[in-house]
>>> print(open('structure_23.txt').read())   # compact mmCIF, C-alpha atoms
# COMPACT_ATOMS: atom_id res chain seq x y z
CA MET A 77 -156.00 47.23 4.35
CA GLN A 78 -155.77 47.17 0.58
CA SER A 79 -153.97 49.96 -1.24
CA GLN A 80 -155.05 51.31 -4.61
CA ASN A 81 -152.26 49.33 -6.29
CA ASP A 82 -153.88 46.07 -5.15
CA TYR A 83 -156.92 46.55 -7.39
CA PRO A 84 -156.95 45.34 -11.02
CA ARG A 85 -156.62 48.05 -13.65
CA ILE A 86 -160.02 48.85 -15.12
CA PHE A 87 -161.53 51.61 -17.20
CA SER A 88 -164.98 52.88 -17.96
CA MET A 89 -166.46 55.32 -20.46
CA GLU A 90 -168.92 58.14 -19.90
CA PHE A 91 -171.53 59.24 -22.41
CA PHE A 92 -174.17 61.93 -22.65
CA PRO A 93 -177.70 60.77 -23.57
CA PRO A 94 -178.52 62.03 -27.07
CA ARG A 95 -181.04 64.86 -27.38
CA SER A 96 -181.44 64.85 -31.16
CA PRO A 97 -181.38 62.34 -34.03
CA GLU A 98 -177.96 63.67 -35.03
CA ALA A 99 -176.60 63.18 -31.53
CA GLU A 100 -178.04 59.67 -31.47
CA GLU A 101 -176.22 58.81 -34.70
CA THR A 102 -172.98 60.18 -33.25
CA LEU A 103 -173.42 58.10 -30.10
CA ASN A 104 -174.16 54.95 -32.11
CA ARG A 105 -171.00 55.43 -34.18
CA ALA A 106 -168.92 55.99 -31.05
CA LEU A 107 -170.32 52.89 -29.35
CA THR A 108 -169.71 50.77 -32.45
CA ARG A 109 -166.05 51.81 -32.44
CA LEU A 110 -165.50 51.65 -28.68
CA THR A 111 -167.40 48.51 -27.66
CA PRO A 112 -164.58 46.18 -28.87
CA LEU A 113 -162.31 47.80 -26.25
CA LYS A 114 -164.44 46.05 -23.58
CA PRO A 115 -164.75 48.76 -20.93
CA ARG A 116 -165.63 47.58 -17.42
CA PHE A 117 -168.82 49.64 -17.67
CA CYS A 118 -170.25 52.67 -19.45
CA SER A 119 -171.88 55.45 -17.45
CA VAL A 120 -174.59 57.72 -18.83
CA THR A 121 -175.07 61.24 -17.48
CA PHE A 122 -178.26 62.61 -15.97
CA GLY A 123 -179.33 66.19 -16.74
CA ALA A 124 -179.90 68.78 -14.04
CA ALA A 125 -183.06 67.99 -12.06
CA GLY A 126 -183.60 64.92 -14.22
CA SER A 127 -183.90 66.86 -17.49
CA THR A 128 -182.61 63.85 -19.47
CA ARG A 129 -184.25 61.18 -17.31
CA GLU A 130 -186.02 59.34 -20.13
CA LYS A 131 -183.11 59.59 -22.55
CA THR A 132 -180.70 58.40 -19.87
CA PHE A 133 -182.96 55.41 -19.21
CA GLU A 134 -183.28 54.56 -22.94
CA THR A 135 -179.52 54.85 -23.50
CA VAL A 136 -178.70 52.70 -20.48
CA CYS A 137 -181.13 49.96 -21.54
CA ASP A 138 -179.79 49.99 -25.11
CA MET A 139 -176.21 49.59 -23.89
CA GLN A 140 -177.09 46.86 -21.42
CA HIS A 141 -179.49 44.76 -23.48
CA HIS A 142 -178.49 45.33 -27.11
CA ARG A 143 -174.76 46.05 -27.02
CA GLY A 144 -173.67 43.74 -24.21
CA LEU A 145 -172.15 46.56 -22.17
CA GLU A 146 -172.60 46.99 -18.44
CA ALA A 147 -174.36 50.33 -18.14
CA ALA A 148 -174.32 52.62 -15.11
CA PRO A 149 -176.79 55.51 -15.09
CA HIS A 150 -175.96 58.68 -13.22
CA ILE A 151 -178.57 59.60 -10.62
CA SER A 152 -178.57 63.15 -9.27
CA CYS A 153 -180.39 64.00 -6.06
CA VAL A 154 -180.55 67.80 -6.36
CA ALA A 155 -184.15 68.98 -6.74
CA SER A 156 -185.34 65.37 -6.45
CA THR A 157 -187.82 63.78 -4.06
CA ARG A 158 -187.52 60.42 -2.37
CA GLN A 159 -190.48 59.20 -4.39
CA SER A 160 -188.95 60.25 -7.73
CA ILE A 161 -185.65 58.54 -6.87
CA ARG A 162 -187.56 55.47 -5.66
CA GLU A 163 -189.34 55.24 -9.03
CA ILE A 164 -186.05 55.55 -10.93
CA LEU A 165 -184.45 52.82 -8.83
CA LYS A 166 -187.41 50.48 -9.35
CA SER A 167 -187.27 51.03 -13.13
CA TYR A 168 -183.58 50.19 -13.26
CA GLU A 169 -184.03 47.17 -11.00
CA ALA A 170 -186.81 45.88 -13.26
CA HIS A 171 -184.52 46.14 -16.29
CA GLY A 172 -181.59 44.33 -14.72
CA ILE A 173 -179.39 47.38 -14.15
CA GLN A 174 -177.06 46.79 -11.19
CA HIS A 175 -174.58 49.66 -11.39
CA ILE A 176 -175.28 53.30 -10.48
CA VAL A 177 -173.30 56.53 -10.25
CA ALA A 178 -174.82 58.47 -7.33
CA LEU A 179 -174.19 62.22 -7.41
CA ARG A 180 -175.43 65.38 -5.76
CA GLY A 181 -175.60 67.18 -9.10
CA ASP A 182 -175.82 70.87 -9.93
CA MET A 183 -178.75 73.11 -9.12
CA PRO A 184 -180.57 74.08 -12.35
CA SER A 185 -180.44 77.77 -13.22
CA GLY A 186 -183.25 79.69 -11.55
CA MET A 187 -184.18 76.89 -9.14
CA LEU A 188 -183.89 77.68 -5.44
CA ALA A 189 -185.14 74.53 -3.68
CA ASP A 190 -182.69 71.69 -3.04
CA GLY A 191 -185.35 68.98 -2.96
CA GLU A 192 -185.45 66.28 -0.29
CA PHE A 193 -181.72 65.47 -0.51
CA ARG A 194 -178.91 67.93 0.13
CA TYR A 195 -175.81 65.80 -0.33
CA ALA A 196 -174.71 62.70 -2.22
CA ASN A 197 -174.15 60.70 0.98
CA GLU A 198 -177.88 61.07 1.70
CA LEU A 199 -178.64 59.66 -1.75
CA VAL A 200 -176.26 56.73 -1.21
CA SER A 201 -177.90 55.95 2.13
CA PHE A 202 -181.35 56.10 0.56
CA ILE A 203 -180.34 53.73 -2.26
CA ARG A 204 -179.02 51.24 0.28
CA GLU A 205 -182.18 51.53 2.40
CA GLU A 206 -184.42 50.98 -0.63
CA THR A 207 -182.49 48.32 -2.54
CA GLY A 208 -179.98 46.73 -0.17
CA ASP A 209 -176.96 45.43 -2.07
CA HIS A 210 -178.67 45.22 -5.47
CA PHE A 211 -176.66 48.13 -6.90
CA HIS A 212 -172.92 48.67 -7.11
CA ILE A 213 -172.73 52.37 -6.22
CA GLU A 214 -170.09 54.69 -7.64
CA VAL A 215 -169.59 58.16 -6.19
CA ALA A 216 -167.54 61.19 -7.19
CA ALA A 217 -164.15 62.16 -5.75
CA TYR A 218 -162.28 65.44 -6.16
CA PRO A 219 -158.45 65.24 -6.11
CA GLU A 220 -158.18 69.01 -6.62
CA MET A 221 -161.01 69.72 -4.14
CA HIS A 222 -164.67 70.33 -4.84
CA PRO A 223 -165.13 74.02 -5.77
CA GLN A 224 -167.70 74.48 -2.98
CA ALA A 225 -165.68 72.76 -0.26
CA ALA A 226 -164.34 74.92 2.57
CA SER A 227 -160.97 73.12 2.58
CA LEU A 228 -159.22 69.93 1.51
CA GLU A 229 -159.92 68.45 4.93
CA ALA A 230 -163.61 69.27 4.70
CA ASP A 231 -163.75 67.79 1.20
CA LEU A 232 -162.17 64.55 2.46
CA ASP A 233 -164.73 64.46 5.28
CA ASN A 234 -167.51 64.75 2.71
CA PHE A 235 -166.02 61.97 0.62
CA LYS A 236 -165.70 59.68 3.65
CA ARG A 237 -169.36 60.27 4.46
CA LYS A 238 -170.28 58.90 1.03
CA VAL A 239 -168.06 55.87 1.56
CA ASP A 240 -169.49 55.24 5.02
CA ALA A 241 -173.01 55.54 3.61
CA GLY A 242 -172.37 52.54 1.37
CA ALA A 243 -170.43 53.55 -1.76
CA ASP A 244 -168.55 50.66 -3.41
CA SER A 245 -166.08 52.67 -5.49
CA ALA A 246 -165.40 56.18 -6.80
CA ILE A 247 -164.54 58.01 -10.00
CA THR A 248 -162.61 61.24 -9.74
CA GLN A 249 -163.44 64.55 -11.31
CA TYR A 250 -161.05 65.39 -14.15
CA PHE A 251 -157.74 66.82 -12.96
CA PHE A 252 -154.70 68.37 -14.63
CA ASN A 253 -152.11 67.63 -11.94
CA PRO A 254 -151.35 63.91 -11.43
CA GLU A 255 -149.75 64.71 -8.07
CA ALA A 256 -153.15 65.87 -6.82
CA TYR A 257 -154.54 62.41 -7.49
CA PHE A 258 -151.67 60.59 -5.77
CA ARG A 259 -151.90 62.93 -2.77
CA PHE A 260 -155.66 62.34 -2.61
CA ILE A 261 -155.13 58.56 -2.62
CA ASP A 262 -152.56 58.84 0.18
CA ASP A 263 -154.90 61.03 2.24
CA CYS A 264 -157.77 58.57 1.74
CA GLU A 265 -155.65 55.62 2.84
CA LYS A 266 -154.61 57.52 5.98
CA ARG A 267 -158.31 57.90 6.80
CA GLY A 268 -158.97 54.20 6.27
CA ILE A 269 -160.85 54.68 2.99
CA ALA A 270 -160.22 51.47 1.09
CA ILE A 271 -162.62 51.52 -1.88
CA PRO A 272 -161.20 51.66 -5.44
CA ILE A 273 -160.80 55.27 -6.66
CA VAL A 274 -160.52 55.42 -10.45
CA PRO A 275 -159.08 58.58 -12.07
CA GLY A 276 -161.43 60.34 -14.44
CA ILE A 277 -159.79 60.96 -17.83
CA MET A 278 -161.14 63.15 -20.64
CA PRO A 279 -159.50 62.70 -24.07
CA ILE A 280 -158.13 65.98 -25.40
CA THR A 281 -160.04 66.96 -28.53
CA ASN A 282 -159.32 70.71 -28.54
CA TYR A 283 -155.70 71.61 -27.79
CA THR A 284 -156.38 75.34 -28.20
CA GLN A 285 -158.96 75.24 -25.43
CA ILE A 286 -156.57 73.35 -23.14
CA ALA A 287 -153.85 75.93 -23.81
CA ARG A 288 -156.25 78.74 -22.85
CA LEU A 289 -157.18 76.99 -19.62
CA SER A 290 -153.52 76.55 -18.69
CA GLU A 291 -152.98 80.32 -19.08
CA MET A 292 -155.80 81.24 -16.67
>>> encode(input="structure_23.txt", output="structure tokens")
Amino acid sequence: MQSQNDYPRIFSMEFFPPRSPEAEETLNRALTRLTPLKPRFCSVTFGAAGSTREKTFETVCDMQHHRGLEAAPHISCVASTRQSIREILKSYEAHGIQHIVALRGDMPSGMLADGEFRYANELVSFIREETGDHFHIEVAAYPEMHPQAASLEADLDNFKRKVDAGADSAITQYFFNPEAYFRFIDDCEKRGIAIPIVPGIMPITNYTQIARLSEM
């Protein structure tokens, strides 16, 4: 079985789809500066219940077809139907997108119904059933435990279900303690989880905010 050290070092970048002309200009400037770094892929977030669906789609297509970047849209299953996810998948297939970040997502404020999917592993299974091996599927991992998980063991069980459903690799939630990541990798290897697990990194842009968080 491969260990995490056997995989080549790669990095990706995550962007929010712009919601205003000003945000679009900011994104364009960032992409112009960052594209020369040649990230493995760039992921684009997906608003709660698909609130940025069209903007996510436009941003992904621009990155893929006009900037030469491999783009990976986030797809969230909370409050979604199988038909709505099917339509999204078909649109991305038709535009040559082959990389997806499959997530459960957060329930929008005031919404009570989960939709036809409850967990990310159900979404991963559905993508595989609908599209076979067309998409490389990324999923989320939580070195410091998902806030809604009952325990670390239960969280690892949930992660393994996503892997068993057909995930190709994972990106972790941001973490402050590197030891949590290394422990998580060790625990995954003990369970026979052999997919690449890339640490999620957020550049620090507000040191005051970080200092406040560390005091909590």
>>> residues_around(input="structure_23.txt", residues="segment 199-214 of chain A", least_positions_apart="5", cutoff="6 Å", atoms="all atoms listed in the file", output="mmCIF file with C-alpha atoms, in the coordinates of the input")
data_model
loop_
_atom_site.group_PDB
_atom_site.id
_atom_site.type_symbol
_atom_site.label_atom_id
_atom_site.label_comp_id
_atom_site.auth_asym_id
_atom_site.auth_seq_id
_atom_site.Cartn_x
_atom_site.Cartn_y
_atom_site.Cartn_z
ATOM 1 C CA GLN A 174 -177.060 46.790 -11.190
ATOM 2 C CA HIS A 175 -174.580 49.660 -11.390
ATOM 3 C CA ILE A 176 -175.280 53.300 -10.480
ATOM 4 C CA VAL A 177 -173.300 56.530 -10.250
ATOM 5 C CA ALA A 241 -173.010 55.540 3.610
ATOM 6 C CA ALA A 243 -170.430 53.550 -1.760
ATOM 7 C CA ASP A 244 -168.550 50.660 -3.410
ATOM 8 C CA SER A 245 -166.080 52.670 -5.490
ATOM 9 C CA ALA A 246 -165.400 56.180 -6.800
#
>>> atom_distance(input="structure_23.txt", atom1="atom CA of Arg194 of chain A", atom2="atom CA of Phe117 of chain A")
27.4 Å
>>> closest_residue(input="structure_23.txt", among="A:Arg105, A:Asn253, A:Gln224, A:Asp263", to="Ile277 of chain A", atoms="all atoms listed in the file")
A:Asn253
>>> residues_around(input="structure_23.txt", residues="Cys118 of chain A", least_positions_apart="2", cutoff="8 Å", atoms="all atoms listed in the file", output="ChimeraX atom specification")
/A:88-91,115-116,120,145-148
>>> atom_distance(input="structure_23.txt", atom1="atom CA of Leu107 of chain A", atom2="atom CA of Leu165 of chain A")
24.9 Å
>>> atom_distance(input="structure_23.txt", atom1="atom CA of Leu232 of chain A", atom2="atom CA of His150 of chain A")
21.7 Å
>>> residues_around(input="structure_23.txt", residues="segment 152-158 of chain A", least_positions_apart="3", cutoff="6 Å", atoms="all atoms listed in the file", output="PyMOL selection string")
chain A and resi 125+161-162+179-181+190-193
>>> closest_residue(input="structure_23.txt", among="A:Lys114, A:Lys166, A:Ile173, A:Thr108", to="Gln140 of chain A", atoms="only C-alpha atoms")
A:Ile173
>>> closest_residue(input="structure_23.txt", among="A:Leu103, A:Val239, A:Met221, A:Met139", to="Phe260 of chain A", atoms="all atoms listed in the file")
A:Met221
>>> closest_residue(input="structure_23.txt", among="A:Glu100, A:Ala178, A:Tyr218, A:Arg267", to="Lys238 of chain A", atoms="all atoms listed in the file")
A:Ala178
>>> closest_residue(input="structure_23.txt", among="A:Gly172, A:Pro93, A:Gly268, A:Pro112", to="Phe235 of chain A", atoms="all atoms listed in the file")
A:Gly268
>>> residues_around(input="structure_23.txt", residues="Pro94 of chain A", least_positions_apart="4", cutoff="9 Å", atoms="all atoms listed in the file", output="number ranges by chain")
A: 98-103, 128, 131-132, 135
>>> closest_residue(input="structure_23.txt", among="A:Pro254, A:Ser160, A:Asp262, A:Asp231", to="Gly276 of chain A", atoms="only C-alpha atoms")
A:Pro254
>>> axis_aligned_box(input="structure_23.txt", around="segment 214-217 of chain A", padding_each_side="5 Å", output="JSON")
{"center_x": -167.1, "center_y": 58.4, "center_z": -6.7, "size_x": 15.9, "size_y": 17.5, "size_z": 11.9}
>>> decode(input="structure_23.txt", residues="segment 240-256 of chain A", atoms="all heavy atoms", output="JSON list (two decimals), in the first residue's frame")
[["chain", "number", "residue", "atom", "x", "y", "z"],
["A", 240, "ASP", "N", -14.72, 4.73, -0.17],
["A", 240, "ASP", "CA", -15.29, 3.49, -0.70],
["A", 240, "ASP", "C", -16.33, 3.74, -1.78],
["A", 240, "ASP", "O", -16.55, 2.89, -2.66],
["A", 240, "ASP", "CB", -15.92, 2.67, 0.44],
["A", 240, "ASP", "CG", -14.89, 2.12, 1.41],
["A", 240, "ASP", "OD1", -13.69, 2.08, 1.04],
["A", 240, "ASP", "OD2", -15.27, 1.74, 2.53],
["A", 241, "ALA", "N", -16.98, 4.90, -1.73],
["A", 241, "ALA", "CA", -18.00, 5.23, -2.72],
["A", 241, "ALA", "C", -17.39, 5.60, -4.07],
["A", 241, "ALA", "O", -18.11, 5.65, -5.08],
["A", 241, "ALA", "CB", -18.87, 6.39, -2.21],
["A", 242, "GLY", "N", -16.07, 5.89, -4.07],
["A", 242, "GLY", "CA", -15.43, 6.18, -5.35],
["A", 242, "GLY", "C", -14.60, 7.44, -5.42],
["A", 242, "GLY", "O", -14.18, 7.85, -6.50],
["A", 243, "ALA", "N", -14.30, 8.07, -4.27],
["A", 243, "ALA", "CA", -13.46, 9.27, -4.29],
["A", 243, "ALA", "C", -12.04, 8.92, -4.73],
["A", 243, "ALA", "O", -11.50, 7.87, -4.38],
["A", 243, "ALA", "CB", -13.42, 9.91, -2.90],
["A", 244, "ASP", "N", -11.42, 9.82, -5.51],
["A", 244, "ASP", "CA", -10.06, 9.60, -6.00],
["A", 244, "ASP", "C", -9.00, 10.22, -5.10],
["A", 244, "ASP", "O", -7.88, 9.74, -5.02],
["A", 244, "ASP", "CB", -9.91, 10.20, -7.40],
["A", 244, "ASP", "CG", -10.76, 9.49, -8.43],
["A", 244, "ASP", "OD1", -10.50, 8.31, -8.70],
["A", 244, "ASP", "OD2", -11.70, 10.11, -8.96],
["A", 245, "SER", "N", -9.34, 11.33, -4.45],
["A", 245, "SER", "CA", -8.40, 12.03, -3.58],
["A", 245, "SER", "C", -9.18, 12.96, -2.67],
["A", 245, "SER", "O", -10.40, 13.11, -2.82],
["A", 245, "SER", "CB", -7.35, 12.80, -4.40],
["A", 245, "SER", "OG", -7.97, 13.66, -5.34],
["A", 246, "ALA", "N", -8.48, 13.58, -1.72],
["A", 246, "ALA", "CA", -9.16, 14.42, -0.73],
["A", 246, "ALA", "C", -8.35, 15.68, -0.46],
["A", 246, "ALA", "O", -7.12, 15.70, -0.59],
["A", 246, "ALA", "CB", -9.38, 13.65, 0.56],
["A", 247, "ILE", "N", -9.07, 16.72, -0.07],
["A", 247, "ILE", "CA", -8.47, 17.98, 0.38],
["A", 247, "ILE", "C", -8.95, 18.21, 1.80],
["A", 247, "ILE", "O", -10.15, 18.10, 2.07],
["A", 247, "ILE", "CB", -8.88, 19.16, -0.51],
["A", 247, "ILE", "CG1", -8.55, 18.88, -1.98],
["A", 247, "ILE", "CG2", -8.20, 20.45, -0.05],
["A", 247, "ILE", "CD1", -9.11, 19.93, -2.93],
["A", 248, "THR", "N", -8.05, 18.53, 2.70],
["A", 248, "THR", "CA", -8.47, 18.71, 4.09],
["A", 248, "THR", "C", -9.07, 20.09, 4.32],
["A", 248, "THR", "O", -8.77, 21.06, 3.62],
["A", 248, "THR", "CB", -7.31, 18.53, 5.07],
["A", 248, "THR", "OG1", -6.47, 19.70, 5.04],
["A", 248, "THR", "CG2", -6.50, 17.29, 4.77],
["A", 249, "GLN", "N", -9.91, 20.15, 5.35],
["A", 249, "GLN", "CA", -10.33, 21.43, 5.89],
["A", 249, "GLN", "C", -9.09, 22.10, 6.48],
["A", 249, "GLN", "O", -8.12, 21.44, 6.84],
["A", 249, "GLN", "CB", -11.39, 21.19, 6.97],
["A", 249, "GLN", "CG", -11.91, 22.44, 7.65],
["A", 249, "GLN", "CD", -12.62, 23.38, 6.69],
["A", 249, "GLN", "OE1", -11.93, 24.12, 5.98],
["A", 249, "GLN", "NE2", -13.92, 23.34, 6.64],
["A", 250, "TYR", "N", -9.11, 23.43, 6.57],
["A", 250, "TYR", "CA", -7.98, 24.14, 7.14],
["A", 250, "TYR", "C", -7.77, 23.70, 8.58],
["A", 250, "TYR", "O", -8.71, 23.44, 9.31],
["A", 250, "TYR", "CB", -8.21, 25.65, 7.10],
["A", 250, "TYR", "CG", -8.65, 26.16, 5.77],
["A", 250, "TYR", "CD1", -9.82, 26.90, 5.64],
["A", 250, "TYR", "CD2", -7.91, 25.89, 4.62],
["A", 250, "TYR", "CE1", -10.23, 27.35, 4.40],
["A", 250, "TYR", "CE2", -8.31, 26.35, 3.39],
["A", 250, "TYR", "CZ", -9.48, 27.07, 3.28],
["A", 250, "TYR", "OH", -9.90, 27.52, 2.05],
["A", 251, "PHE", "N", -6.50, 23.64, 9.01],
["A", 251, "PHE", "CA", -6.21, 23.24, 10.38],
["A", 251, "PHE", "C", -5.06, 24.09, 10.90],
["A", 251, "PHE", "O", -4.23, 24.59, 10.14],
["A", 251, "PHE", "CB", -5.86, 21.74, 10.45],
["A", 251, "PHE", "CG", -4.76, 21.32, 9.51],
["A", 251, "PHE", "CD1", -3.43, 21.40, 9.89],
["A", 251, "PHE", "CD2", -5.06, 20.85, 8.24],
["A", 251, "PHE", "CE1", -2.41, 21.01, 9.03],
["A", 251, "PHE", "CE2", -4.05, 20.45, 7.36],
["A", 251, "PHE", "CZ", -2.73, 20.54, 7.75],
["A", 252, "PHE", "N", -5.01, 24.26, 12.21],
["A", 252, "PHE", "CA", -3.97, 25.07, 12.84],
["A", 252, "PHE", "C", -2.85, 24.20, 13.41],
["A", 252, "PHE", "O", -1.73, 24.67, 13.63],
["A", 252, "PHE", "CB", -4.56, 25.92, 13.97],
["A", 252, "PHE", "CG", -5.40, 27.06, 13.47],
["A", 252, "PHE", "CD1", -6.78, 26.95, 13.45],
["A", 252, "PHE", "CD2", -4.82, 28.22, 13.01],
["A", 252, "PHE", "CE1", -7.56, 27.99, 12.99],
["A", 252, "PHE", "CE2", -5.58, 29.27, 12.54],
["A", 252, "PHE", "CZ", -6.96, 29.15, 12.53],
["A", 253, "ASN", "N", -3.13, 22.94, 13.69],
["A", 253, "ASN", "CA", -2.17, 22.05, 14.33],
["A", 253, "ASN", "C", -1.66, 21.03, 13.33],
["A", 253, "ASN", "O", -2.40, 20.10, 12.96],
["A", 253, "ASN", "CB", -2.83, 21.36, 15.52],
["A", 253, "ASN", "CG", -1.88, 20.43, 16.25],
["A", 253, "ASN", "OD1", -0.70, 20.35, 15.91],
["A", 253, "ASN", "ND2", -2.40, 19.72, 17.23],
["A", 254, "PRO", "N", -0.41, 21.15, 12.86],
["A", 254, "PRO", "CA", 0.11, 20.18, 11.89],
["A", 254, "PRO", "C", 0.05, 18.74, 12.38],
["A", 254, "PRO", "O", -0.12, 17.82, 11.60],
["A", 254, "PRO", "CB", 1.56, 20.64, 11.68],
["A", 254, "PRO", "CG", 1.58, 22.07, 12.06],
["A", 254, "PRO", "CD", 0.58, 22.20, 13.17],
["A", 255, "GLU", "N", 0.22, 18.55, 13.70],
["A", 255, "GLU", "CA", 0.17, 17.20, 14.25],
["A", 255, "GLU", "C", -1.18, 16.53, 13.99],
["A", 255, "GLU", "O", -1.26, 15.30, 13.85],
["A", 255, "GLU", "CB", 0.48, 17.22, 15.75],
["A", 255, "GLU", "CG", 1.92, 17.58, 16.08],
["A", 255, "GLU", "CD", 2.92, 16.68, 15.36],
["A", 255, "GLU", "OE1", 2.70, 15.45, 15.35],
["A", 255, "GLU", "OE2", 3.91, 17.18, 14.82],
["A", 256, "ALA", "N", -2.24, 17.33, 13.93],
["A", 256, "ALA", "CA", -3.56, 16.76, 13.66],
["A", 256, "ALA", "C", -3.59, 16.16, 12.26],
["A", 256, "ALA", "O", -4.18, 15.08, 12.06],
["A", 256, "ALA", "CB", -4.63, 17.85, 13.79]]
